>>> print(open('data.csv').read())   # CSV, N, CA and C atoms
chain,number,residue,atom,x,y,z
L,1,MET,N,0.8,-1.2,0.0
L,1,MET,CA,0.0,0.0,0.0
L,1,MET,C,0.9,1.3,0.0
L,2,ILE,N,1.9,1.2,0.8
L,2,ILE,CA,2.8,2.4,0.9
L,2,ILE,C,3.5,2.7,-0.5
L,3,GLU,N,3.7,1.6,-1.2
L,3,GLU,CA,4.4,1.8,-2.5
L,3,GLU,C,3.5,2.6,-3.5
L,4,ILE,N,2.2,2.4,-3.4
L,4,ILE,CA,1.3,3.1,-4.3
L,4,ILE,C,1.3,4.6,-4.0
L,5,ILE,N,1.3,4.9,-2.7
L,5,ILE,CA,1.4,6.3,-2.2
L,5,ILE,C,2.7,6.9,-2.7
L,6,VAL,N,3.8,6.2,-2.6
L,6,VAL,CA,5.1,6.8,-3.0
L,6,VAL,C,5.1,7.0,-4.5
L,7,PHE,N,4.6,6.0,-5.3
L,7,PHE,CA,4.5,6.2,-6.7
L,7,PHE,C,3.7,7.4,-7.1
L,8,CYS,N,2.5,7.6,-6.4
L,8,CYS,CA,1.7,8.8,-6.7
L,8,CYS,C,2.4,10.1,-6.4
L,9,LEU,N,3.1,10.1,-5.2
L,9,LEU,CA,3.8,11.4,-4.9
L,9,LEU,C,4.9,11.7,-5.8
L,10,ILE,N,5.7,10.7,-6.2
L,10,ILE,CA,6.8,10.9,-7.1
L,10,ILE,C,6.2,11.3,-8.5
L,11,GLY,N,5.1,10.6,-8.9
L,11,GLY,CA,4.5,11.0,-10.2
L,11,GLY,C,4.0,12.4,-10.2
L,12,GLY,N,3.4,12.9,-9.1
L,12,GLY,CA,3.0,14.3,-9.0
L,12,GLY,C,4.2,15.2,-9.1
L,13,GLY,N,5.3,14.8,-8.5
L,13,GLY,CA,6.5,15.7,-8.6
L,13,GLY,C,7.0,15.7,-10.0
L,14,VAL,N,7.0,14.6,-10.7
L,14,VAL,CA,7.4,14.5,-12.1
L,14,VAL,C,6.5,15.4,-13.0
L,15,LEU,N,5.2,15.3,-12.7
L,15,LEU,CA,4.2,16.2,-13.4
L,15,LEU,C,4.5,17.6,-13.3
L,16,PHE,N,4.8,18.1,-12.0
L,16,PHE,CA,5.1,19.5,-11.8
L,16,PHE,C,6.4,19.9,-12.5
L,17,SER,N,7.4,19.0,-12.4
L,17,SER,CA,8.7,19.3,-13.0
L,17,SER,C,8.6,19.4,-14.5
L,18,VAL,N,7.8,18.5,-15.1
L,18,VAL,CA,7.6,18.5,-16.6
L,18,VAL,C,6.9,19.8,-17.0
L,19,LEU,N,5.9,20.2,-16.1
L,19,LEU,CA,5.2,21.5,-16.4
L,19,LEU,C,6.2,22.7,-16.3
L,20,ARG,N,7.1,22.6,-15.4
L,20,ARG,CA,8.1,23.7,-15.3
L,20,ARG,C,9.1,23.6,-16.5
L,21,MET,N,9.4,22.4,-16.9
L,21,MET,CA,10.2,22.3,-18.1
L,21,MET,C,9.6,22.9,-19.3
L,22,ILE,N,8.3,22.8,-19.5
L,22,ILE,CA,7.6,23.3,-20.6
L,22,ILE,C,7.5,24.8,-20.6
L,23,ILE,N,7.1,25.4,-19.4
L,23,ILE,CA,6.8,26.8,-19.3
L,23,ILE,C,8.0,27.6,-18.7
L,24,GLY,N,9.1,26.9,-18.4
L,24,GLY,CA,10.2,27.6,-17.8
L,24,GLY,C,10.6,28.9,-18.6
L,25,PRO,N,10.8,30.0,-17.9
L,25,PRO,CA,11.1,31.2,-18.7
L,25,PRO,C,12.5,31.2,-19.3
L,26,GLU,N,13.4,30.5,-18.7
L,26,GLU,CA,14.8,30.5,-19.2
L,26,GLU,C,15.3,29.0,-19.4
L,27,VAL,N,16.3,28.9,-20.1
L,27,VAL,CA,16.9,27.6,-20.4
L,27,VAL,C,17.4,26.9,-19.2
L,28,THR,N,18.0,27.7,-18.3
L,28,THR,CA,18.5,27.1,-17.0
L,28,THR,C,17.4,26.5,-16.2
L,29,ASP,N,16.2,27.1,-16.2
L,29,ASP,CA,15.1,26.5,-15.5
L,29,ASP,C,14.7,25.2,-16.1
L,30,ARG,N,14.8,25.1,-17.4
L,30,ARG,CA,14.5,23.8,-18.0
L,30,ARG,C,15.5,22.8,-17.7
L,31,ILE,N,16.8,23.1,-17.6
L,31,ILE,CA,17.8,22.1,-17.3
L,31,ILE,C,17.6,21.6,-15.9
L,32,VAL,N,17.4,22.5,-15.0
L,32,VAL,CA,17.2,22.1,-13.6
L,32,VAL,C,16.0,21.2,-13.4
L,33,SER,N,14.9,21.6,-14.1
L,33,SER,CA,13.7,20.7,-14.0
L,33,SER,C,13.9,19.4,-14.7
L,34,LEU,N,14.7,19.3,-15.8
L,34,LEU,CA,15.1,18.0,-16.4
L,34,LEU,C,15.9,17.2,-15.4
L,35,ASP,N,16.8,17.8,-14.7
L,35,ASP,CA,17.6,17.1,-13.8
L,35,ASP,C,16.7,16.6,-12.6
L,36,THR,N,15.8,17.4,-12.2
L,36,THR,CA,14.8,16.9,-11.2
L,36,THR,C,14.0,15.7,-11.6
L,37,VAL,N,13.6,15.8,-12.8
L,37,VAL,CA,12.8,14.6,-13.4
L,37,VAL,C,13.7,13.4,-13.4
L,38,ASN,N,14.9,13.5,-13.8
L,38,ASN,CA,15.8,12.4,-13.9
L,38,ASN,C,16.1,11.8,-12.5
L,39,VAL,N,16.2,12.6,-11.5
L,39,VAL,CA,16.4,12.1,-10.1
L,39,VAL,C,15.1,11.4,-9.7
L,40,MET,N,13.9,11.9,-10.0
L,40,MET,CA,12.7,11.2,-9.6
L,40,MET,C,12.5,9.9,-10.4
L,41,VAL,N,12.9,9.9,-11.6
L,41,VAL,CA,12.8,8.6,-12.4
L,41,VAL,C,13.8,7.6,-11.8
L,42,THR,N,14.9,8.0,-11.4
L,42,THR,CA,15.9,7.1,-10.7
L,42,THR,C,15.2,6.6,-9.4
L,43,GLY,N,14.5,7.4,-8.7
L,43,GLY,CA,13.8,6.9,-7.5
L,43,GLY,C,12.7,5.9,-7.8
L,44,ILE,N,12.0,6.2,-8.9
L,44,ILE,CA,11.0,5.2,-9.3
L,44,ILE,C,11.6,3.9,-9.7
L,45,ILE,N,12.8,3.9,-10.3
L,45,ILE,CA,13.4,2.6,-10.7
L,45,ILE,C,13.9,1.9,-9.4
L,46,VAL,N,14.4,2.6,-8.4
L,46,VAL,CA,14.8,2.0,-7.2
L,46,VAL,C,13.5,1.4,-6.5
L,47,LEU,N,12.4,2.1,-6.6
L,47,LEU,CA,11.2,1.6,-6.0
L,47,LEU,C,10.7,0.4,-6.7
L,48,PHE,N,10.9,0.3,-8.0
L,48,PHE,CA,10.6,-1.0,-8.7
L,48,PHE,C,11.4,-2.1,-8.2
L,49,ALA,N,12.7,-1.8,-7.9
L,49,ALA,CA,13.6,-2.9,-7.3
L,49,ALA,C,13.0,-3.4,-6.0
L,50,PHE,N,12.5,-2.4,-5.2
L,50,PHE,CA,11.9,-2.8,-3.9
L,50,PHE,C,10.6,-3.6,-4.0
L,51,VAL,N,9.8,-3.2,-4.9
L,51,VAL,CA,8.5,-3.8,-5.1
L,51,VAL,C,8.6,-5.2,-5.7
L,52,PHE,N,9.4,-5.3,-6.7
L,52,PHE,CA,9.6,-6.6,-7.4
L,52,PHE,C,10.7,-7.5,-6.9
L,53,LYS,N,11.4,-7.0,-5.9
L,53,LYS,CA,12.5,-7.7,-5.2
L,53,LYS,C,13.5,-8.3,-6.2
L,54,ASN,N,13.9,-7.4,-7.1
L,54,ASN,CA,14.8,-7.8,-8.1
L,54,ASN,C,16.0,-6.7,-8.1
L,55,GLU,N,17.2,-7.2,-7.9
L,55,GLU,CA,18.3,-6.3,-7.8
L,55,GLU,C,18.8,-5.7,-9.1
L,56,ILE,N,18.4,-6.3,-10.2
L,56,ILE,CA,18.8,-5.8,-11.5
L,56,ILE,C,18.3,-4.3,-11.7
L,57,TYR,N,17.2,-4.0,-11.1
L,57,TYR,CA,16.7,-2.6,-11.2
L,57,TYR,C,17.6,-1.6,-10.6
L,58,LEU,N,18.4,-2.1,-9.5
L,58,LEU,CA,19.3,-1.2,-8.9
L,58,LEU,C,20.5,-0.8,-9.8
L,59,ASP,N,20.9,-1.9,-10.6
L,59,ASP,CA,22.0,-1.6,-11.5
L,59,ASP,C,21.5,-0.6,-12.6
L,60,ILE,N,20.3,-0.8,-13.1
L,60,ILE,CA,19.7,0.1,-14.1
L,60,ILE,C,19.6,1.5,-13.5
L,61,ALA,N,19.2,1.6,-12.2
L,61,ALA,CA,19.1,2.9,-11.6
L,61,ALA,C,20.5,3.6,-11.5
L,62,ILE,N,21.5,2.9,-11.2
L,62,ILE,CA,22.8,3.5,-11.1
L,62,ILE,C,23.3,4.0,-12.5
L,63,VAL,N,23.1,3.1,-13.5
L,63,VAL,CA,23.5,3.6,-14.9
L,63,VAL,C,22.7,4.8,-15.3
L,64,TYR,N,21.4,4.7,-15.1
L,64,TYR,CA,20.5,5.9,-15.5
L,64,TYR,C,21.0,7.1,-14.7
L,65,GLY,N,21.3,7.0,-13.4
L,65,GLY,CA,21.7,8.2,-12.7
L,65,GLY,C,23.0,8.8,-13.2
L,66,VAL,N,24.0,7.9,-13.5
L,66,VAL,CA,25.2,8.4,-14.1
L,66,VAL,C,25.0,9.1,-15.4
L,67,LEU,N,24.2,8.5,-16.3
L,67,LEU,CA,23.9,9.1,-17.6
L,67,LEU,C,23.2,10.4,-17.5
L,68,SER,N,22.2,10.5,-16.5
L,68,SER,CA,21.5,11.8,-16.3
L,68,SER,C,22.4,12.8,-15.8
L,69,PHE,N,23.4,12.4,-14.9
L,69,PHE,CA,24.3,13.4,-14.4
L,69,PHE,C,25.2,13.9,-15.6
L,70,LEU,N,25.7,13.0,-16.4
L,70,LEU,CA,26.5,13.5,-17.5
L,70,LEU,C,25.7,14.4,-18.5
L,71,GLU,N,24.4,14.1,-18.7
L,71,GLU,CA,23.6,14.9,-19.5
L,71,GLU,C,23.5,16.3,-18.9
L,72,THR,N,23.3,16.4,-17.6
L,72,THR,CA,23.2,17.7,-17.0
L,72,THR,C,24.5,18.5,-17.1
L,73,VAL,N,25.7,17.8,-17.0
L,73,VAL,CA,27.0,18.5,-17.1
L,73,VAL,C,27.2,19.0,-18.5
L,74,VAL,N,26.9,18.1,-19.5
L,74,VAL,CA,27.1,18.5,-20.9
L,74,VAL,C,26.2,19.7,-21.3
L,75,LEU,N,24.9,19.7,-20.9
L,75,LEU,CA,24.0,20.8,-21.2
L,75,LEU,C,24.5,22.1,-20.5
L,76,SER,N,25.0,22.0,-19.3
L,76,SER,CA,25.5,23.2,-18.6
L,76,SER,C,26.7,23.7,-19.2
L,77,ARG,N,27.6,22.9,-19.6
L,77,ARG,CA,28.8,23.3,-20.3
L,77,ARG,C,28.5,24.0,-21.7
L,78,TYR,N,27.5,23.4,-22.4
L,78,TYR,CA,27.1,23.9,-23.6
L,78,TYR,C,26.5,25.3,-23.4
L,79,LEU,N,25.7,25.5,-22.4
L,79,LEU,CA,25.1,26.8,-22.1
L,79,LEU,C,26.2,27.8,-21.7
L,80,GLU,N,27.2,27.4,-21.0
L,80,GLU,CA,28.3,28.3,-20.5
L,80,GLU,C,29.1,28.7,-21.7
L,81,ALA,N,29.4,27.8,-22.7
L,81,ALA,CA,30.2,28.1,-23.8
L,81,ALA,C,29.4,29.0,-24.8
L,82,LYS,N,28.1,28.9,-24.8
L,82,LYS,CA,27.3,29.7,-25.7
L,82,LYS,C,27.3,31.2,-25.3
L,83,LYS,N,27.5,31.5,-24.0
L,83,LYS,CA,27.4,32.9,-23.5
L,83,LYS,C,28.6,33.7,-24.0
>>> encode(input="data.csv", output="structure tokens")
Amino acid sequence: MIEIIVFCLIGGGVLFSVLRMIIGPEVTDRIVSLDTVNVMVTGIIVLFAFVFKNEIYLDIAIVYGVLSFLETVVLSRYLEAKK
């Protein structure tokens, strides 16, 4: 039961972050909201590992987290070089 509540709360956070990504006034707001969505998706993957009791989801979450971190770094450096 608690898993359903956590899924709903994280899903609501993802919804608000995607909304911020769409209407964000600046590109930096969009990058921050994209990073927030990536962190929440990583949390959902970890929650899948807990619910299904399968450790492979944790490996997937680690890889996804590293790739999303690299994405944020690359986008930030691109913005910095663009100025």
>>> residues_around(input="data.csv", residues="L:Glu3", least_positions_apart="3", cutoff="8 Å", atoms="all atoms listed in the file", output="PyMOL selection string")
chain L and resi 6-9+47+51
>>> closest_residue(input="data.csv", among="L:Ser33, L:Thr72, L:Asn38, L:Asn54", to="L:Met21", atoms="all atoms listed in the file")
L:Ser33
>>> closest_residue(input="data.csv", among="L:Val37, L:Gly65, L:Asp59, L:Ile4", to="L:Val18", atoms="all atoms listed in the file")
L:Val37
>>> closest_residue(input="data.csv", among="L:Met40, L:Ile31, L:Ala81, L:Met1", to="L:Val14", atoms="all atoms listed in the file")
L:Met40
>>> atom_distance(input="data.csv", atom1="atom CA of L:Val74", atom2="atom C of L:Thr36")
16.3 Å
>>> atom_distance(input="data.csv", atom1="atom CA of L:Ile2", atom2="atom CA of L:Val41")
17.8 Å
>>> atom_distance(input="data.csv", atom1="atom CA of L:Leu34", atom2="atom CA of L:Ser17")
7.4 Å
>>> closest_residue(input="data.csv", among="L:Val32, L:Phe16, L:Ile56, L:Ile10", to="L:Ile44", atoms="only C-alpha atoms")
L:Ile10
>>> closest_residue(input="data.csv", among="L:Tyr64, L:Ile5, L:Leu58, L:Glu80", to="L:Asp35", atoms="only C-alpha atoms")
L:Tyr64
